[in-house]
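Report on the following structure.
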Amino acid sequence: AFFGHSMGATVAFEVGRRLPPAAADRLVHFFASGRRGPATPRRDRYYHADDELIAEIRRLEGTDSSLLADEELLQMVLPAIRNDYRAAATYDYRPGPLLRCPVTVLTGDTDPNVTAGEAAAWAEVTTATSVVHTYPGGHFYLNNQIDAVCGRVTAALTALTPVRPGGVGG
């Protein structure tokens, strides 16, 4: 099973669809979190100026403000963060193989980057079922919903695990 949050969902999707057939058959579930469906038109921005990038990071509320106040640390991590934003902004979905496993989409109800319709668009990239679960919170809803998210993932995977005689999972 693959789980990806934000740009990680796009990366996991692209890895999943490129698996060789034998490995693709072993991909039993895909979890996309905090990301619109890959075929949804992009509106990601690439931030050239440090102050714009820092403002965006603050807006998403996923980074402790004390880290953003540490100028030395900020200068070390900004190039990597900027490259992540560049990769997300320049991602170009191309039609190709669909996932063959169920897709569970997890999103925050106030995520400024993903609407309900954009989250539902993950159904377009699988031949199996797709379901969306919405939690209270923004882009980093999972920071405050970790128990619920882990419970959802565990339940989805447990439902797929065959039970051997004697009650032991497979």
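Chains: A, B, ... in order of the structure tokens. Residues: from 1 per chain. Ligands: from 1, in order shown.
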
Members of region 19-144 of chain A assigned strand (DSSP E or B) by DSSP, as a count of residues only: 18

Backbone-only DSSP, alpha helix (DSSP H) members of region 10-106 of chain A, as number ranges by chain: A: 10-17, 21-24, 50-60, 65-69, 71-90

Nearby residues (only C-alpha atoms) at most 9 Å from Asp44 (chain A), same-chain spacing under 3 positions excluded, as a PyMOL selection string: chain A and resi 85-86+88-90+113

Could you write those residues out with N, CA and C atoms, as a PDB file, in the first residue's frame?
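Contents of the output file part_19.pdb:
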```pdb
ATOM      1  N   TYR A  85       8.212  22.892  -4.106  1.00  0.00           N
ATOM      2  CA  TYR A  85       7.159  23.713  -4.724  1.00  0.00           C
ATOM      3  C   TYR A  85       7.325  23.757  -6.241  1.00  0.00           C
ATOM      4  N   ARG A  86       8.558  23.838  -6.714  1.00  0.00           N
ATOM      5  CA  ARG A  86       8.796  23.827  -8.161  1.00  0.00           C
ATOM      6  C   ARG A  86       8.313  22.516  -8.771  1.00  0.00           C
ATOM      7  N   ALA A  88       6.020  20.464  -7.636  1.00  0.00           N
ATOM      8  CA  ALA A  88       4.553  20.419  -7.610  1.00  0.00           C
ATOM      9  C   ALA A  88       3.960  21.322  -8.682  1.00  0.00           C
ATOM     10  N   ALA A  89       4.538  22.507  -8.855  1.00  0.00           N
ATOM     11  CA  ALA A  89       3.991  23.475  -9.812  1.00  0.00           C
ATOM     12  C   ALA A  89       4.210  23.059 -11.255  1.00  0.00           C
ATOM     13  N   THR A  90       5.233  22.274 -11.504  1.00  0.00           N
ATOM     14  CA  THR A  90       5.530  21.900 -12.892  1.00  0.00           C
ATOM     15  C   THR A  90       5.085  20.478 -13.225  1.00  0.00           C
ATOM     16  N   ASN A 113      -5.879  24.254  -0.651  1.00  0.00           N
ATOM     17  CA  ASN A 113      -5.321  23.714  -1.890  1.00  0.00           C
ATOM     18  C   ASN A 113      -6.160  22.614  -2.527  1.00  0.00           C
TER      19      ASN A 113
END
```

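Using only C-alpha atoms for every distance, the candidate list A:Ile146, A:Val105, A:Arg82, A:Thr154 yields A:Arg82 as the residue closest to Glu52 (chain A).
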
Selection: 9 Å around region 27-43 of chain A, only C-alpha atoms, excl. self and same-chain fewer than 2 positions, as number ranges by chain: A: 1-10, 12-13, 16, 19, 23-25, 45, 88-95, 99-108, 111, 113-125, 138-142, 153, 156-157, 160

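Of the listed residues (A:Ala22, A:Cys150, A:Leu78, A:Ala69), A:Leu78 comes nearest to Ala49 (chain A); the distances count only C-alpha atoms.
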
Pairwise distance for CA of Ile57 (chain A) and CA of Val149 (chain A), rounded to one decimal in Å: 22.4 Å

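One distance worth recording is that between CA of Gln145 (chain A) and CA of Arg59 (chain A), which is 18.7 Å.
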
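Proximity ranking of A:Thr126, A:Tyr135, A:Val11, A:Gly151 relative to Pro97 (chain A) places A:Thr126 first, based on only C-alpha atoms.
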